[in-house]
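Asker: Pasting a structure here, questions to come.
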Amino acid sequence: MDYITPGAPTVGVILCCDCGAAIQPNPTNRCIACLRARNDISEGIPKQGNLHFCKGCERYLEPPSTWVFAPLESKELLRLCLKKLKGLNKVRLVDAGFAWTEPHSKRIKVKLSVQKEIQEGAVLQQDFIVEFLVTGQMCDDCHRVEAKDYWQAVVQVRQKTDHKRTFYYLEQLILKHRAHEKTLGIKPVHEGLDFFYSFEPYARKLLDFFSSVVPCRWTQSKKLISHDIHSNTYNYKHTFSVEIVPVCKDSVVCLSSKMAHQLGGIGQICIVHRITNVICLIDPNTAQMAELNSSTYWKAPFRALCTSKKLIEFIVMDISEAEVKRFKGQGHISTKHQVAEVWVQRESELGTDNMLFCRTHLGHLLHPGDTVLGFDMSTSNVNDDNIDKMNADHVPDVVLVKKVYADKATRNRRRRFKLRHLGLDDDTNSQNKDYIDFLEDLEEDQQLRHNVNIYRDANKLQNTDTESEAGQQWAWDWQGSLIHTAVLVPGRVIYPYLTASSQPTRQMAFSGDYA
């Protein structure tokens with residue numbers, strides 16, 4: 001008996017009931033062309049629309065009153081276009097995308113693919129393009145700017161000092177954390193900056209940022225602009241006044257005896273070692289350190305006896321290790337510093353027998369012949385209530401603050417990094433002593449440098465071949481566009497920096513003289 005192997009089933013062919021074309025059977029017995037001619041599933045969906053665009057802030061209007069940032073061909077702009085279309089709930093949206101148009105044509109074309117069941121078992125898919133016309137409309141914020149009524153809240157930051165190093169550091173923190181994104185404008189004024197905002201919550205957010213990065217206090221006031229008696233609404237302008245503590249890094253201060261006792265028995269004559277969200281003090285006689293928050297400072301405020309601008313240069317003549325007495329209940333003692341007894345002489349009196357004796361916390365850095373900056377208390381007229389109450393035997397002749405590694409011109413010429421700025425009308429060139437001092441602080445203080453984004457200066461990197469005699473050692477780590485660089489110059493000044501488009505991938509360790 002022979003078996004017949006069943007073959008593949010064949011599909012019959014029928015004629016379209018409208019045009020007579022041969023097609024495979026389907027529930028409508030019509031070809032695709034006839035189905036599309038008889039059924040338009042995009043009916044009810046508008047083929048044109050309008051988008052309102054503000055030229056001032058480059059935002060689009062999202063009805064009813066929200067303005068959003070939406071770059072061209074972005075997901076945000078596509079979402080905004082789809083929300084403008086009515087009738088999409090009656091079909092199934094399969095795909096959506098942008099069709100190419102001229103960038104300056106004020107037209108945005110969106111290509112849509114939709115599906116709809118026109119008969120039981122028959123689903124039709126159709127592609128069509130919706131064209132949006134971009135029309136200009138000024139947003140409320142830009143309208144207030146043009147009407148000269150552009151701000152509702154202002155944050156006034158002030159510090160009563162004779163230099164701007166704190167504000168240069170604050171500027172870098174603002175750029176790093178993007179705390180200035182909602183500002184309408186930033187205006188430099190005497191002893192500080194003014195930040196303008198369109199809404200009060202934005203100003204309060206900046207206040208929280210300042211409280212977290214620098215020791216400060218603030219007060220608030222408001223002024224009535226208008227009042228609607230029918231709806232009982234008020235329009236105020238708010239002013240927030242922020243006062244930063246008037247002491248800075250490398251300032252010499254004198255604490256009250258009560259404050260010194262509360263800080264673990266630290267000496268009354270101290271040096272401001274660092275300013276973060278707290279004031280970090282160090283006693284040059286014992287290397288004891290203490291931290292003071294803003295609330296404790298404002299309860300018993302003190303001012304600087306000497307700022308960094310008034311420091312003079314001394315030459316180390318002799319140095320020896322000093323014995324430090326410990327007592328029960330003493331505060332934290334720094335392990336990075338070493339107390340030493342030093343004989344120094346003013347640079348202007350070299351060749352004479354006038355030498356001064358003092359104790360310093362810089363014993364791990366100083367050697368005979370080094371230059372050091374200090375405050376000469378023996379010849380200074382200091383008006384301070386706390387120092388007047390001290391025993392004269394406990395007041396040192398000299399307070400040494402920091403070591404001098406090289407002259408400013410040499411360090412500035414060999415500096416291979418740069419910083420970004422807020423674009424204020426401020427002088428940040430090589431003639432600005434405050435700015436140069438801030439850059440030197442970044443080189444010398446590793447912890448301060450970690451809080452700042454530092455970028456390599458391509459213009460100065462081109463001249464590295466001409467300074468081979470400086471003993472520079474370069475260590476390059478190419479990870480994408482990130483470059484870590486360490487520069488070794490006379491005095492062992494070491495600093496890393498990075499490019500603008502990346503975050504650090506690893507930390508490079510070098511040994512140096514800086515604490």
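If you're wondering about the labels, chains in the structure tokens are A, B, ... by order shown, residues count from 1 in each chain, ligands from 1 in order shown.
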Please return as number ranges by chain: the residues of segment 157-361 of chain A that backbone DSSP assigns to alpha helix (DSSP H).
Answerer: A: 165-177, 200-213, 257-262, 294-299
Asker: Print the selection's residues with C-alpha atoms to a file, as a compact mmCIF listing (two decimals), in the first residue's frame.
Answerer:
# COMPACT_ATOMS: atom_id res chain seq x y z
CA ARG A 165 39.46 85.05 49.38
CA THR A 166 36.33 83.71 51.08
CA PHE A 167 34.15 84.81 48.17
CA TYR A 168 36.50 83.20 45.65
CA TYR A 169 36.12 79.94 47.56
CA LEU A 170 32.35 80.43 47.82
CA GLU A 171 32.19 81.04 44.07
CA GLN A 172 33.84 77.69 43.37
CA LEU A 173 31.44 75.90 45.71
CA ILE A 174 28.46 77.53 43.98
CA LEU A 175 29.75 76.40 40.57
CA LYS A 176 30.49 72.87 41.75
CA HIS A 177 27.06 72.32 43.33
CA GLU A 200 11.07 83.13 47.60
CA PRO A 201 11.61 79.30 47.86
CA TYR A 202 14.59 79.56 45.50
CA ALA A 203 16.20 82.13 47.80
CA ARG A 204 15.62 79.95 50.86
CA LYS A 205 17.28 77.05 49.09
CA LEU A 206 20.38 79.20 48.57
CA LEU A 207 20.30 80.11 52.28
CA ASP A 208 20.38 76.43 53.18
CA PHE A 209 23.35 75.97 50.86
CA PHE A 210 25.30 78.83 52.46
CA SER A 211 24.58 77.49 55.94
CA SER A 212 26.02 74.11 54.93
CA VAL A 213 29.30 75.37 53.44
CA SER A 257 39.27 82.72 78.54
CA LYS A 258 35.80 81.22 78.83
CA MET A 259 35.71 80.23 75.17
CA ALA A 260 39.22 78.73 75.36
CA HIS A 261 38.18 76.64 78.37
CA GLN A 262 35.05 75.39 76.57
CA SER A 294 28.46 79.37 63.60
CA SER A 295 25.96 79.30 66.49
CA THR A 296 28.76 79.06 69.08
CA TYR A 297 30.72 81.83 67.38
CA TRP A 298 27.84 84.32 67.31
CA LYS A 299 27.16 83.77 71.02
Asker: Could you produce a table of the residues of segment 83-199 of chain A lying within 9 Å of segment 229-249 of chain A, with the nearest pair of atoms per residue and their separation in Å rounded to one decimal, using only C-alpha atoms, ordered by chain and increasing residue number, as a tab-separated table?
Answerer:
residue	atom	partner	partner_atom	distance
A:Trp151	CA	A:Lys237	CA	7.7
A:Gln152	CA	A:Lys237	CA	4.8
A:Ala153	CA	A:His238	CA	4.5
A:Val154	CA	A:Thr239	CA	5.0
A:Val155	CA	A:Phe240	CA	4.7
A:Gln156	CA	A:Ser241	CA	4.8
A:Val157	CA	A:Val242	CA	4.7
A:Arg158	CA	A:Glu243	CA	5.1
A:Gln159	CA	A:Ile244	CA	5.1
A:Lys160	CA	A:Pro246	CA	5.4
A:Thr161	CA	A:Pro246	CA	5.9
A:Arg165	CA	A:Cys248	CA	8.1
A:Thr166	CA	A:Cys248	CA	7.0
Asker: I'd like to know which of A:Val404, A:Val214, A:Ala392, A:Val398 is closest to Thr379 of chain A, using only C-alpha atoms.
Answerer: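 Ranked by minimum distance to Thr379 of chain A, first place goes to A:Val398.
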Asker: Point out the residue among A:Met355, A:Ile436, A:Val395, A:Ile41 with the least atom-to-atom distance to Lys408 of chain A, counting only C-alpha atoms.
Answerer: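 Of A:Met355, A:Ile436, A:Val395, A:Ile41, the one nearest Lys408 of chain A is A:Ile436, counting only C-alpha atoms.
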Asker: List the neighbours of Pro368 of chain A out to 7 Å using only C-alpha atoms; skip same-chain residues closer than 3 positions along the sequence, and give me the result as a list in words.
Answerer: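 Here the answer would be Val316, Met317, Asp318 and Ile319 of chain A.
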Asker: Atoms to include: N, CA and C atoms. Write the selected residues as a short mmCIF file (atom, residue, chain, number, x, y, z; two decimals), in the first residue's frame.
Answerer:
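That gives us result04.cif:
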data_model
loop_
_atom_site.label_atom_id
_atom_site.label_comp_id
_atom_site.auth_asym_id
_atom_site.auth_seq_id
_atom_site.Cartn_x
_atom_site.Cartn_y
_atom_site.Cartn_z
N VAL A 316 63.96 82.12 59.34
CA VAL A 316 64.23 81.18 60.43
C VAL A 316 65.74 81.10 60.63
N MET A 317 66.18 81.43 61.84
CA MET A 317 67.60 81.39 62.17
C MET A 317 67.99 80.08 62.85
N ASP A 318 67.13 79.58 63.72
CA ASP A 318 67.43 78.35 64.44
C ASP A 318 66.09 77.72 64.84
N ILE A 319 66.07 76.40 64.90
CA ILE A 319 64.85 75.69 65.24
C ILE A 319 65.22 74.43 66.01
#
Asker: Considering only C-alpha atoms, return as a PyMOL selection string whatever protein or nucleic-acid residues lie within 7 Å of Thr307 of chain A, sequence-local ones (same chain, fewer than 2 positions apart) excluded.
Answerer: chain A and resi 250-252+304-305+309-310
Asker: Taking only C-alpha atoms into account, name the residue in A:Ala287, A:Val68, A:Val399, A:Ala122 that is nearest to Glu323 of chain A.
Answerer: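 Ranked by minimum distance to Glu323 of chain A, first place goes to A:Ala287.
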Asker: For a quick check of understanding, using only C-alpha atoms, which of A:His143, A:Asp445, A:Asn412, A:Tyr405 has the smallest distance to Asn432 of chain A?
Answerer: A:Asn412
Asker: Counting only C-alpha atoms, what is within 7 Å of segment 362-367 of chain A, bar same-chain residues fewer than 3 positions away, as a tab-separated table (two decimals) with N, CA and C atoms, in the first residue's frame?
Answerer:
chain	number	residue	atom	x	y	z
A	316	VAL	N	63.96	82.12	59.34
A	316	VAL	CA	64.23	81.18	60.43
A	316	VAL	C	65.74	81.10	60.63
A	319	ILE	N	66.07	76.40	64.90
A	319	ILE	CA	64.85	75.69	65.24
A	319	ILE	C	65.22	74.43	66.01
A	337	HIS	N	51.09	68.13	62.63
A	337	HIS	CA	51.93	69.26	62.96
A	337	HIS	C	52.88	68.88	64.09
A	338	GLN	N	53.99	69.58	64.15
A	338	GLN	CA	55.00	69.34	65.18
A	338	GLN	C	55.36	70.69	65.82
A	339	VAL	N	55.29	70.72	67.14
A	339	VAL	CA	55.59	71.95	67.88
A	339	VAL	C	57.11	72.09	67.99
A	340	ALA	N	57.59	73.29	67.71
A	340	ALA	CA	59.03	73.56	67.75
A	340	ALA	C	59.27	74.94	68.33
A	370	ASP	N	64.73	79.17	56.04
A	370	ASP	CA	63.43	79.26	55.38
A	370	ASP	C	62.77	80.60	55.67
A	513	ASP	N	55.66	68.26	51.39
A	513	ASP	CA	55.90	68.92	52.67
A	513	ASP	C	54.64	69.52	53.26
Asker: Go through A:Val189, A:Ile315, A:Glu321, A:His361 one by one, measure the shortest atom-to-atom distance of each to Glu349 of chain A using only C-alpha atoms, and give the residue with the smallest value.
Answerer: A:Ile315
Asker: Quick one, how far is atom CA of Ala179 of chain A from atom CA of Ile454 of chain A?
Answerer: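 It comes out at 17.7 Å.
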Asker: Neighbours of Gly265 of chain A within 8 Å (only C-alpha atoms; same-chain residues fewer than 6 positions away dropped), as a PDB file with N, CA and C atoms, in the first residue's frame?
Answerer:
ATOM      1  N   GLY A 329      41.707  66.081  79.977  1.00  0.00           N
ATOM      2  CA  GLY A 329      40.625  66.890  79.416  1.00  0.00           C
ATOM      3  C   GLY A 329      41.040  67.769  78.266  1.00  0.00           C
ATOM      4  N   GLN A 330      42.283  67.632  77.807  1.00  0.00           N
ATOM      5  CA  GLN A 330      42.753  68.455  76.688  1.00  0.00           C
ATOM      6  C   GLN A 330      42.079  68.014  75.400  1.00  0.00           C
ATOM      7  N   GLY A 331      41.892  68.965  74.523  1.00  0.00           N
ATOM      8  CA  GLY A 331      41.229  68.678  73.256  1.00  0.00           C
ATOM      9  C   GLY A 331      42.122  67.906  72.296  1.00  0.00           C
TER      10      GLY A 331
END
Asker: Identify, with DSSP run on backbone atoms, the residues in segment 136-266 of chain A assigned to strand (DSSP E or B), and express the list as a PyMOL selection string.
Answerer: chain A and resi 136+153-158+185-189+192-197+216-228+233-244+252-254
Asker: If we count only C-alpha atoms and set the cut-off at 10 Å, which residues sit around Gln288 of chain A, ignoring sequence neighbours fewer than 2 positions away in its own chain? Please answer as a PyMOL selection string.
Answerer: chain A and resi 263-267+270+281-286+290+330-335+337+339+361
Asker: Go ahead and save the residues from that selection, with N, CA and C atoms, as a compact mmCIF listing (two decimals), in the first residue's frame.
Answerer:
# COMPACT_ATOMS: atom_id res chain seq x y z
N LEU A 263 36.62 75.02 74.75
CA LEU A 263 37.18 74.29 73.61
C LEU A 263 38.29 73.32 74.02
N GLY A 264 38.29 72.88 75.24
CA GLY A 264 39.25 71.87 75.67
C GLY A 264 40.55 72.43 76.17
N GLY A 265 40.54 73.64 76.72
CA GLY A 265 41.75 74.22 77.26
C GLY A 265 42.74 74.68 76.22
N ILE A 266 42.28 75.08 75.07
CA ILE A 266 43.16 75.57 74.01
C ILE A 266 43.69 76.95 74.39
N GLY A 267 44.84 77.32 73.84
CA GLY A 267 45.40 78.64 74.11
C GLY A 267 44.52 79.75 73.56
N CYS A 270 45.24 81.94 68.85
CA CYS A 270 45.08 80.82 67.90
C CYS A 270 45.17 81.33 66.47
N LEU A 281 40.35 75.96 64.38
CA LEU A 281 41.41 76.72 65.03
C LEU A 281 42.54 75.79 65.43
N ILE A 282 43.76 76.32 65.47
CA ILE A 282 44.92 75.58 65.94
C ILE A 282 45.76 76.48 66.84
N ASP A 283 46.23 75.90 67.93
CA ASP A 283 47.06 76.61 68.89
C ASP A 283 48.53 76.45 68.49
N PRO A 284 49.25 77.51 68.14
CA PRO A 284 50.65 77.35 67.71
C PRO A 284 51.57 76.86 68.83
N ASN A 285 51.18 76.99 70.09
CA ASN A 285 52.03 76.56 71.20
C ASN A 285 51.94 75.06 71.47
N THR A 286 50.79 74.46 71.21
CA THR A 286 50.58 73.05 71.55
C THR A 286 50.10 72.21 70.38
N ALA A 290 40.68 72.83 67.47
CA ALA A 290 39.30 72.92 67.94
C ALA A 290 38.44 73.43 66.80
N GLN A 330 42.28 67.63 77.81
CA GLN A 330 42.75 68.45 76.69
C GLN A 330 42.08 68.01 75.40
N GLY A 331 41.89 68.97 74.52
CA GLY A 331 41.23 68.68 73.26
C GLY A 331 42.12 67.91 72.30
N HIS A 332 41.65 67.81 71.04
CA HIS A 332 42.35 67.03 70.01
C HIS A 332 43.70 67.68 69.67
N ILE A 333 44.74 66.85 69.62
CA ILE A 333 46.08 67.30 69.24
C ILE A 333 46.36 66.84 67.81
N SER A 334 46.79 67.76 66.96
CA SER A 334 47.05 67.43 65.57
C SER A 334 48.29 66.54 65.46
N THR A 335 48.17 65.48 64.68
CA THR A 335 49.31 64.60 64.42
C THR A 335 50.07 65.00 63.16
N HIS A 337 51.09 68.13 62.63
CA HIS A 337 51.93 69.26 62.96
C HIS A 337 52.88 68.88 64.09
N VAL A 339 55.29 70.72 67.14
CA VAL A 339 55.59 71.95 67.88
C VAL A 339 57.11 72.09 67.99
N HIS A 361 53.68 75.69 65.43
CA HIS A 361 53.18 74.36 65.05
C HIS A 361 53.73 73.91 63.71
Asker: One number please: atom CA of Asn391 of chain A to atom CA of Val253 of chain A, in Å, one decimal.
Answerer: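 Separation between atom CA of Asn391 of chain A and atom CA of Val253 of chain A: 16.0 Å.
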